[in-house]
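Undergrad: Provided below: target_5.tsv, containing TSV, N, CA and C atoms.
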chain	number	residue	atom	x	y	z
A	1	MET	N	9.96	-48.48	-7.77
A	1	MET	CA	11.37	-48.77	-7.92
A	1	MET	C	11.98	-47.79	-8.93
A	2	LYS	N	13.08	-47.19	-8.56
A	2	LYS	CA	13.77	-46.24	-9.44
A	2	LYS	C	14.67	-47.00	-10.41
A	3	ARG	N	14.54	-46.66	-11.67
A	3	ARG	CA	15.38	-47.27	-12.71
A	3	ARG	C	16.68	-46.49	-12.82
A	4	VAL	N	17.77	-47.22	-12.92
A	4	VAL	CA	19.08	-46.58	-13.04
A	4	VAL	C	19.83	-47.26	-14.18
A	5	TYR	N	20.43	-46.44	-15.01
A	5	TYR	CA	21.26	-46.92	-16.11
A	5	TYR	C	22.69	-46.45	-15.84
A	6	GLU	N	23.65	-47.33	-16.01
A	6	GLU	CA	25.05	-46.94	-15.87
A	6	GLU	C	25.75	-47.24	-17.18
A	7	LEU	N	26.24	-46.19	-17.80
A	7	LEU	CA	26.95	-46.30	-19.07
A	7	LEU	C	28.44	-46.21	-18.78
A	8	SER	N	29.26	-46.87	-19.56
A	8	SER	CA	30.70	-46.76	-19.35
A	8	SER	C	31.43	-46.61	-20.67
A	9	VAL	N	32.51	-45.87	-20.59
A	9	VAL	CA	33.39	-45.64	-21.73
A	9	VAL	C	34.81	-45.81	-21.23
A	10	SER	N	35.62	-46.51	-22.01
A	10	SER	CA	37.03	-46.72	-21.64
A	10	SER	C	37.94	-46.02	-22.63
A	11	ALA	N	39.08	-45.58	-22.11
A	11	ALA	CA	40.07	-44.89	-22.94
A	11	ALA	C	41.44	-45.12	-22.32
A	12	GLU	N	42.47	-44.67	-23.01
A	12	GLU	CA	43.83	-44.78	-22.51
A	12	GLU	C	44.56	-43.47	-22.75
A	13	PHE	N	45.58	-43.23	-21.94
A	13	PHE	CA	46.51	-42.14	-22.20
A	13	PHE	C	47.88	-42.58	-21.72
A	14	CYS	N	48.90	-41.98	-22.30
A	14	CYS	CA	50.28	-42.28	-21.94
A	14	CYS	C	50.83	-41.08	-21.19
A	15	ALA	N	51.45	-41.35	-20.04
A	15	ALA	CA	52.02	-40.24	-19.27
A	15	ALA	C	53.06	-40.78	-18.31
A	16	ALA	N	53.97	-39.89	-17.97
A	16	ALA	CA	55.01	-40.20	-16.98
A	16	ALA	C	54.63	-39.58	-15.64
A	17	HIS	N	55.22	-40.13	-14.59
A	17	HIS	CA	55.06	-39.54	-13.26
A	17	HIS	C	56.17	-40.08	-12.36
A	18	ARG	N	56.29	-39.47	-11.21
A	18	ARG	CA	57.17	-39.96	-10.15
A	18	ARG	C	56.44	-39.71	-8.84
A	19	LEU	N	56.71	-40.56	-7.86
A	19	LEU	CA	56.04	-40.44	-6.57
A	19	LEU	C	57.01	-39.89	-5.55
A	20	ASN	N	56.87	-38.62	-5.26
A	20	ASN	CA	57.73	-37.96	-4.28
A	20	ASN	C	57.48	-38.55	-2.90
A	21	GLY	N	58.57	-38.84	-2.19
A	21	GLY	CA	58.46	-39.39	-0.85
A	21	GLY	C	58.29	-40.90	-0.82
A	22	TYR	N	58.21	-41.53	-1.97
A	22	TYR	CA	58.04	-42.97	-2.05
A	22	TYR	C	59.40	-43.64	-1.90
A	23	ALA	N	59.47	-44.72	-1.12
A	23	ALA	CA	60.76	-45.36	-0.83
A	23	ALA	C	61.24	-46.29	-1.94
A	24	GLY	N	60.38	-46.70	-2.86
A	24	GLY	CA	60.76	-47.65	-3.90
A	24	GLY	C	61.15	-46.99	-5.21
A	25	GLU	N	61.22	-47.82	-6.24
A	25	GLU	CA	61.66	-47.36	-7.56
A	25	GLU	C	60.75	-46.31	-8.18
A	26	CYS	N	59.51	-46.28	-7.78
A	26	CYS	CA	58.55	-45.32	-8.37
A	26	CYS	C	58.85	-43.87	-7.99
A	27	ARG	N	59.87	-43.66	-7.18
A	27	ARG	CA	60.28	-42.28	-6.87
A	27	ARG	C	60.98	-41.65	-8.07
A	28	ARG	N	61.46	-42.52	-9.00
A	28	ARG	CA	62.08	-42.02	-10.22
A	28	ARG	C	61.02	-41.86	-11.31
A	29	THR	N	61.23	-40.92	-12.20
A	29	THR	CA	60.28	-40.69	-13.28
A	29	THR	C	60.19	-41.93	-14.17
A	30	HIS	N	58.97	-42.35	-14.41
A	30	HIS	CA	58.70	-43.51	-15.27
A	30	HIS	C	57.32	-43.32	-15.91
A	31	GLY	N	57.02	-44.11	-16.89
A	31	GLY	CA	55.77	-43.93	-17.62
A	31	GLY	C	54.85	-45.12	-17.54
A	32	HIS	N	53.59	-44.84	-17.87
A	32	HIS	CA	52.56	-45.89	-17.93
A	32	HIS	C	51.65	-45.61	-19.12
A	33	ASN	N	51.03	-46.66	-19.60
A	33	ASN	CA	49.87	-46.55	-20.47
A	33	ASN	C	48.67	-46.71	-19.55
A	34	TRP	N	48.14	-45.58	-19.12
A	34	TRP	CA	47.05	-45.55	-18.14
A	34	TRP	C	45.75	-45.96	-18.80
A	35	GLY	N	44.98	-46.79	-18.15
A	35	GLY	CA	43.64	-47.13	-18.60
A	35	GLY	C	42.62	-46.39	-17.77
A	36	VAL	N	41.60	-45.85	-18.40
A	36	VAL	CA	40.56	-45.10	-17.70
A	36	VAL	C	39.20	-45.62	-18.14
A	37	THR	N	38.34	-45.90	-17.18
A	37	THR	CA	36.95	-46.22	-17.48
A	37	THR	C	36.09	-45.25	-16.69
A	38	VAL	N	35.19	-44.60	-17.40
A	38	VAL	CA	34.29	-43.62	-16.79
A	38	VAL	C	32.89	-44.22	-16.80
A	39	PHE	N	32.24	-44.19	-15.65
A	39	PHE	CA	30.88	-44.68	-15.50
A	39	PHE	C	29.95	-43.49	-15.29
A	40	VAL	N	28.95	-43.39	-16.12
A	40	VAL	CA	27.97	-42.30	-16.05
A	40	VAL	C	26.62	-42.91	-15.71
A	41	ARG	N	25.96	-42.33	-14.73
A	41	ARG	CA	24.68	-42.86	-14.24
A	41	ARG	C	23.56	-41.90	-14.61
A	42	CYS	N	22.44	-42.48	-15.05
A	42	CYS	CA	21.26	-41.67	-15.33
A	42	CYS	C	20.02	-42.49	-15.01
A	43	SER	N	18.95	-41.80	-14.70
A	43	SER	CA	17.70	-42.47	-14.37
A	43	SER	C	16.58	-42.12	-15.35
A	44	GLU	N	16.91	-41.29	-16.31
A	44	GLU	CA	15.93	-40.91	-17.33
A	44	GLU	C	16.55	-41.13	-18.70
A	45	LEU	N	15.71	-41.50	-19.64
A	45	LEU	CA	16.16	-41.64	-21.02
A	45	LEU	C	15.58	-40.50	-21.84
A	46	ASP	N	16.28	-40.16	-22.91
A	46	ASP	CA	15.76	-39.10	-23.78
A	46	ASP	C	14.67	-39.67	-24.69
A	47	GLY	N	14.22	-38.87	-25.62
A	47	GLY	CA	13.11	-39.25	-26.48
A	47	GLY	C	13.36	-40.45	-27.36
A	48	ILE	N	14.63	-40.78	-27.61
A	48	ILE	CA	14.92	-41.95	-28.44
A	48	ILE	C	15.43	-43.14	-27.62
A	49	GLY	N	15.37	-43.02	-26.29
A	49	GLY	CA	15.71	-44.14	-25.43
A	49	GLY	C	17.17	-44.22	-25.00
A	50	MET	N	17.87	-43.08	-25.00
A	50	MET	CA	19.27	-43.06	-24.57
A	50	MET	C	19.41	-42.25	-23.29
A	51	GLY	N	20.26	-42.76	-22.40
A	51	GLY	CA	20.59	-41.99	-21.21
A	51	GLY	C	21.50	-40.83	-21.58
A	52	LEU	N	22.52	-41.13	-22.32
A	52	LEU	CA	23.45	-40.14	-22.86
A	52	LEU	C	24.17	-40.82	-24.01
A	53	ASP	N	24.37	-40.13	-25.07
A	53	ASP	CA	25.02	-40.69	-26.25
A	53	ASP	C	26.47	-41.08	-25.90
A	54	PHE	N	26.84	-42.33	-26.21
A	54	PHE	CA	28.22	-42.77	-25.96
A	54	PHE	C	29.23	-41.84	-26.64
A	55	ARG	N	28.87	-41.34	-27.80
A	55	ARG	CA	29.77	-40.42	-28.51
A	55	ARG	C	30.05	-39.18	-27.69
A	56	GLU	N	29.02	-38.68	-26.99
A	56	GLU	CA	29.21	-37.50	-26.15
A	56	GLU	C	30.11	-37.82	-24.95
A	57	ILE	N	29.90	-38.97	-24.34
A	57	ILE	CA	30.75	-39.36	-23.21
A	57	ILE	C	32.19	-39.53	-23.67
A	58	LYS	N	32.39	-40.17	-24.82
A	58	LYS	CA	33.75	-40.34	-25.35
A	58	LYS	C	34.41	-38.99	-25.59
A	59	GLY	N	33.66	-38.03	-26.09
A	59	GLY	CA	34.21	-36.69	-26.31
A	59	GLY	C	34.62	-36.01	-25.02
A	60	LEU	N	33.81	-36.17	-23.97
A	60	LEU	CA	34.15	-35.59	-22.67
A	60	LEU	C	35.41	-36.25	-22.10
A	61	VAL	N	35.51	-37.56	-22.25
A	61	VAL	CA	36.69	-38.27	-21.76
A	61	VAL	C	37.93	-37.82	-22.53
A	62	ARG	N	37.81	-37.71	-23.84
A	62	ARG	CA	38.94	-37.22	-24.66
A	62	ARG	C	39.37	-35.84	-24.21
A	63	GLU	N	38.40	-34.97	-23.94
A	63	GLU	CA	38.70	-33.61	-23.50
A	63	GLU	C	39.42	-33.63	-22.15
A	64	ALA	N	38.95	-34.45	-21.22
A	64	ALA	CA	39.56	-34.52	-19.89
A	64	ALA	C	40.96	-35.10	-19.93
A	65	LEU	N	41.22	-36.03	-20.86
A	65	LEU	CA	42.52	-36.68	-20.94
A	65	LEU	C	43.52	-35.91	-21.79
A	66	SER	N	43.05	-34.98	-22.61
A	66	SER	CA	43.93	-34.32	-23.57
A	66	SER	C	45.10	-33.60	-22.91
A	67	GLY	N	44.90	-33.02	-21.76
A	67	GLY	CA	45.98	-32.32	-21.09
A	67	GLY	C	46.95	-33.24	-20.37
A	68	LEU	N	46.54	-34.48	-20.15
A	68	LEU	CA	47.39	-35.44	-19.44
A	68	LEU	C	48.23	-36.29	-20.38
A	69	ASP	N	47.74	-36.50	-21.59
A	69	ASP	CA	48.39	-37.41	-22.53
A	69	ASP	C	49.77	-36.92	-22.94
A	70	HIS	N	50.74	-37.82	-22.87
A	70	HIS	CA	52.14	-37.54	-23.23
A	70	HIS	C	52.73	-36.38	-22.44
A	71	ALA	N	52.40	-36.35	-21.16
A	71	ALA	CA	52.93	-35.31	-20.27
A	71	ALA	C	53.60	-35.98	-19.08
A	72	CYS	N	54.40	-35.19	-18.37
A	72	CYS	CA	54.88	-35.61	-17.06
A	72	CYS	C	53.87	-35.04	-16.07
A	73	LEU	N	53.10	-35.91	-15.47
A	73	LEU	CA	51.98	-35.47	-14.63
A	73	LEU	C	52.42	-34.57	-13.49
A	74	ASN	N	53.63	-34.78	-12.97
A	74	ASN	CA	54.12	-33.96	-11.86
A	74	ASN	C	54.22	-32.48	-12.23
A	75	ASP	N	54.27	-32.18	-13.52
A	75	ASP	CA	54.40	-30.80	-13.98
A	75	ASP	C	53.05	-30.11	-14.15
A	76	LEU	N	51.95	-30.84	-13.96
A	76	LEU	CA	50.62	-30.30	-14.22
A	76	LEU	C	49.82	-30.12	-12.93
A	77	PRO	N	49.09	-29.00	-12.82
A	77	PRO	CA	48.18	-28.88	-11.68
A	77	PRO	C	47.10	-29.95	-11.79
A	78	PRO	N	46.66	-30.58	-10.76
A	78	PRO	CA	46.98	-30.34	-9.36
A	78	PRO	C	48.19	-31.12	-8.86
A	79	PHE	N	48.89	-31.79	-9.77
A	79	PHE	CA	49.95	-32.71	-9.36
A	79	PHE	C	51.27	-32.01	-9.06
A	80	THR	N	51.29	-30.71	-9.15
A	80	THR	CA	52.47	-29.97	-8.69
A	80	THR	C	52.49	-29.90	-7.16
A	81	THR	N	51.32	-30.13	-6.53
A	81	THR	CA	51.24	-30.08	-5.07
A	81	THR	C	50.83	-31.39	-4.43
A	82	GLU	N	50.41	-32.38	-5.23
A	82	GLU	CA	50.08	-33.71	-4.72
A	82	GLU	C	50.63	-34.76	-5.67
A	83	ASN	N	50.98	-35.90	-5.14
A	83	ASN	CA	51.53	-36.96	-5.97
A	83	ASN	C	50.51	-37.44	-6.99
A	84	PRO	N	50.95	-37.67	-8.22
A	84	PRO	CA	50.06	-38.21	-9.25
A	84	PRO	C	49.91	-39.72	-9.11
A	85	THR	N	49.37	-40.15	-7.98
A	85	THR	CA	49.06	-41.55	-7.79
A	85	THR	C	47.82	-41.91	-8.59
A	86	ALA	N	47.57	-43.18	-8.78
A	86	ALA	CA	46.35	-43.60	-9.48
A	86	ALA	C	45.12	-43.07	-8.75
A	87	GLU	N	45.17	-43.05	-7.41
A	87	GLU	CA	44.04	-42.54	-6.62
A	87	GLU	C	43.79	-41.07	-6.90
A	88	ASN	N	44.85	-40.27	-6.89
A	88	ASN	CA	44.69	-38.83	-7.14
A	88	ASN	C	44.30	-38.53	-8.58
A	89	ILE	N	44.80	-39.33	-9.52
A	89	ILE	CA	44.41	-39.15	-10.92
A	89	ILE	C	42.93	-39.47	-11.09
A	90	ALA	N	42.46	-40.54	-10.47
A	90	ALA	CA	41.05	-40.90	-10.56
A	90	ALA	C	40.15	-39.79	-10.00
A	91	ARG	N	40.54	-39.23	-8.86
A	91	ARG	CA	39.75	-38.13	-8.27
A	91	ARG	C	39.78	-36.90	-9.18
A	92	HIS	N	40.94	-36.58	-9.72
A	92	HIS	CA	41.06	-35.44	-10.63
A	92	HIS	C	40.15	-35.62	-11.84
A	93	LEU	N	40.17	-36.81	-12.44
A	93	LEU	CA	39.33	-37.06	-13.61
A	93	LEU	C	37.85	-37.04	-13.25
A	94	TYR	N	37.49	-37.56	-12.10
A	94	TYR	CA	36.11	-37.51	-11.64
A	94	TYR	C	35.64	-36.05	-11.55
A	95	ASP	N	36.46	-35.22	-10.92
A	95	ASP	CA	36.10	-33.80	-10.77
A	95	ASP	C	36.00	-33.11	-12.12
A	96	GLU	N	36.97	-33.36	-12.99
A	96	GLU	CA	36.99	-32.71	-14.30
A	96	GLU	C	35.81	-33.17	-15.15
A	97	LEU	N	35.54	-34.46	-15.17
A	97	LEU	CA	34.43	-34.99	-15.96
A	97	LEU	C	33.09	-34.54	-15.40
A	98	SER	N	32.98	-34.45	-14.09
A	98	SER	CA	31.74	-33.96	-13.48
A	98	SER	C	31.48	-32.53	-13.92
A	99	ARG	N	32.53	-31.71	-13.94
A	99	ARG	CA	32.40	-30.33	-14.38
A	99	ARG	C	31.98	-30.26	-15.85
A	100	LEU	N	32.63	-31.05	-16.69
A	100	LEU	CA	32.31	-31.04	-18.12
A	100	LEU	C	30.90	-31.56	-18.38
A	101	LEU	N	30.50	-32.60	-17.68
A	101	LEU	CA	29.19	-33.20	-17.89
A	101	LEU	C	28.07	-32.28	-17.40
A	102	ALA	N	28.31	-31.56	-16.33
A	102	ALA	CA	27.29	-30.68	-15.77
A	102	ALA	C	26.82	-29.65	-16.80
A	103	GLY	N	27.69	-29.22	-17.66
A	103	GLY	CA	27.33	-28.23	-18.65
A	103	GLY	C	26.65	-28.79	-19.87
A	104	ARG	N	26.57	-30.12	-19.98
A	104	ARG	CA	26.05	-30.71	-21.22
A	104	ARG	C	24.90	-31.68	-21.05
A	105	ALA	N	24.73	-32.25	-19.89
A	105	ALA	CA	23.74	-33.31	-19.73
A	105	ALA	C	22.40	-32.80	-19.18
A	106	GLU	N	22.28	-31.52	-18.93
A	106	GLU	CA	21.03	-30.92	-18.47
A	106	GLU	C	20.44	-31.64	-17.27
A	107	GLY	N	21.30	-32.09	-16.36
A	107	GLY	CA	20.85	-32.74	-15.14
A	107	GLY	C	20.38	-34.17	-15.29
A	108	ARG	N	20.41	-34.71	-16.51
A	108	ARG	CA	19.95	-36.08	-16.73
A	108	ARG	C	20.97	-37.13	-16.32
A	109	ALA	N	22.23	-36.77	-16.24
A	109	ALA	CA	23.28	-37.76	-16.00
A	109	ALA	C	24.35	-37.16	-15.10
A	110	ARG	N	25.05	-38.06	-14.41
A	110	ARG	CA	26.17	-37.63	-13.57
A	110	ARG	C	27.26	-38.69	-13.63
A	111	VAL	N	28.47	-38.28	-13.34
A	111	VAL	CA	29.57	-39.23	-13.26
A	111	VAL	C	29.35	-40.06	-12.01
A	112	ALA	N	29.30	-41.37	-12.16
A	112	ALA	CA	29.10	-42.27	-11.03
A	112	ALA	C	30.43	-42.65	-10.39
A	113	ARG	N	31.41	-42.96	-11.23
A	113	ARG	CA	32.74	-43.33	-10.74
A	113	ARG	C	33.72	-43.32	-11.88
A	114	VAL	N	34.98	-43.29	-11.51
A	114	VAL	CA	36.07	-43.34	-12.49
A	114	VAL	C	37.05	-44.41	-12.04
A	115	ARG	N	37.42	-45.27	-12.97
A	115	ARG	CA	38.41	-46.31	-12.69
A	115	ARG	C	39.69	-45.95	-13.46
A	116	VAL	N	40.81	-46.00	-12.76
A	116	VAL	CA	42.11	-45.74	-13.38
A	116	VAL	C	42.99	-46.96	-13.13
A	117	ALA	N	43.57	-47.49	-14.20
A	117	ALA	CA	44.49	-48.62	-14.11
A	117	ALA	C	45.89	-48.13	-14.47
A	118	GLU	N	46.80	-48.31	-13.54
A	118	GLU	CA	48.20	-47.94	-13.77
A	118	GLU	C	48.87	-48.99	-14.66
A	119	THR	N	48.57	-50.23	-14.38
A	119	THR	CA	49.02	-51.36	-15.18
A	119	THR	C	47.86	-52.36	-15.21
A	120	PRO	N	47.86	-53.29	-16.14
A	120	PRO	CA	46.79	-54.29	-16.12
A	120	PRO	C	46.77	-55.02	-14.76
A	121	GLY	N	45.62	-55.05	-14.15
A	121	GLY	CA	45.46	-55.73	-12.87
A	121	GLY	C	45.74	-54.87	-11.65
A	122	ALA	N	46.13	-53.61	-11.84
A	122	ALA	CA	46.37	-52.69	-10.72
A	122	ALA	C	45.58	-51.42	-10.98
A	123	GLU	N	44.40	-51.33	-10.36
A	123	GLU	CA	43.51	-50.22	-10.65
A	123	GLU	C	42.80	-49.73	-9.40
A	124	VAL	N	42.28	-48.53	-9.51
A	124	VAL	CA	41.55	-47.90	-8.40
A	124	VAL	C	40.27	-47.29	-8.97
A	125	CYS	N	39.22	-47.30	-8.16
A	125	CYS	CA	37.97	-46.61	-8.50
A	125	CYS	C	37.77	-45.47	-7.52
A	126	TYR	N	37.26	-44.36	-8.04
A	126	TYR	CA	36.92	-43.22	-7.19
A	126	TYR	C	35.49	-42.82	-7.48
A	127	TRP	N	34.71	-42.55	-6.43
A	127	TRP	CA	33.37	-42.01	-6.53
A	127	TRP	C	33.06	-41.23	-5.29
A	128	GLU	N	31.99	-40.48	-5.34
A	128	GLU	CA	31.54	-39.70	-4.20
A	128	GLU	C	30.13	-40.14	-3.87
A	129	GLU	N	29.87	-40.33	-2.60
A	129	GLU	CA	28.55	-40.75	-2.16
A	129	GLU	C	27.73	-39.53	-1.76
A	130	PRO	N	26.47	-39.51	-2.20
A	130	PRO	CA	25.61	-38.36	-1.87
A	130	PRO	C	25.28	-38.28	-0.40
Written as C-alpha cells, how would this file's structure read?
TA:
Amino acid sequence: MKRVYELSVSAEFCAAHRLNGYAGECRRTHGHNWGVTVFVRCSELDGIGMGLDFREIKGLVREALSGLDHACLNDLPPFTTENPTAENIARHLYDELSRLLAGRAEGRARVARVRVAETPGAEVCYWEEP
C-alpha cells in the first residue's frame, strides 16, 4: 500500500475583477476577499519526518499571490484574455504553484489541488489527473 500525505495551507488576497460577457451585476468591477487553500501531496518524508515544511509551502503561496493582491485581475495576464472567474483563478494558481514547487521540492511533492473561495460558501477546486 502506498502512503500518501496531503498537506494544506490557506491564505487570502484582496482583488477586484469583472466578468466580461456576464449578464448579471458581476459584469461591473467589484472586489472580493478571496480565500485560497493549496493542497500539496507527497508520498515520502524527509529525514525528520516531514513531507514538506509548512513554512516553505506558505512562502510559495505568498509568492504566487503577491502579484494578484490589491490588483484588478482583468489587468493581469492571463486574465487580459480570459475572465478572472474563480475557476480560472484556481487553475492559474495551480499552474503557478506547480512551477514554483517543481524547483524546490526535488520531486518529493506536487500540488494536488487548489481551492479558491470567492465568498464564504462559494468555492471551486481545481486539480489535474495523471
Undergrad: With only C-alpha atoms as the counted atoms, please give the residues lying no more than 12 Å from A:Glu56, apart from itself and same-chain residues fewer than 2 positions off, as a PyMOL selection string.
TA: chain A and resi 7-9+40+50-54+58-63+97+100-101+104-105+109
Undergrad: For a quick check of understanding, using only C-alpha atoms, which of A:Ala117, A:Phe79, A:Val111, A:Lys2 has the smallest distance to A:Glu44?
TA: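 Looking only at the distances to A:Glu44, the closest residue turns out to be A:Lys2.
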Undergrad: Point out the residue among A:Thr85, A:Cys125, A:Val36, A:Tyr5 with the least atom-to-atom distance to A:Tyr22, counting only C-alpha atoms.
TA: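 Going through A:Thr85, A:Cys125, A:Val36, A:Tyr5 one by one, the smallest distance to A:Tyr22 is for A:Thr85.
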Undergrad: Taking the DSSP assignment computed from this structure's backbone, write out as a ChimeraX atom specification all residues of stretch 15-112 of chain A that belong to helix (DSSP H, G or I).
TA: /A:25-27,54-66,73-75,86-102
Undergrad: Expressed in Å to a single decimal, how great is the separation between atom CA of A:Asn20 and atom CA of A:Leu68?
TA: 18.5 Å
Undergrad: Using Å and a single decimal, report how far atom CA of A:Gly121 sits from atom CA of A:Leu76.
TA: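 Atom-to-atom, atom CA of A:Leu76 to atom CA of A:Gly121, that is 26.0 Å.
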Undergrad: Please provide the set of residues having any atom within 7 Å of A:Ala71, restricted to all atoms listed in the file, with same-chain residues fewer than 3 positions apart removed, written as a VMD selection string.
TA: chain A and resid 14 to 17 67 to 68 74 to 75
Undergrad: How many Å lie between atom CA of A:Ala23 and atom CA of A:Trp127, rounded to one decimal?
TA: 28.2 Å
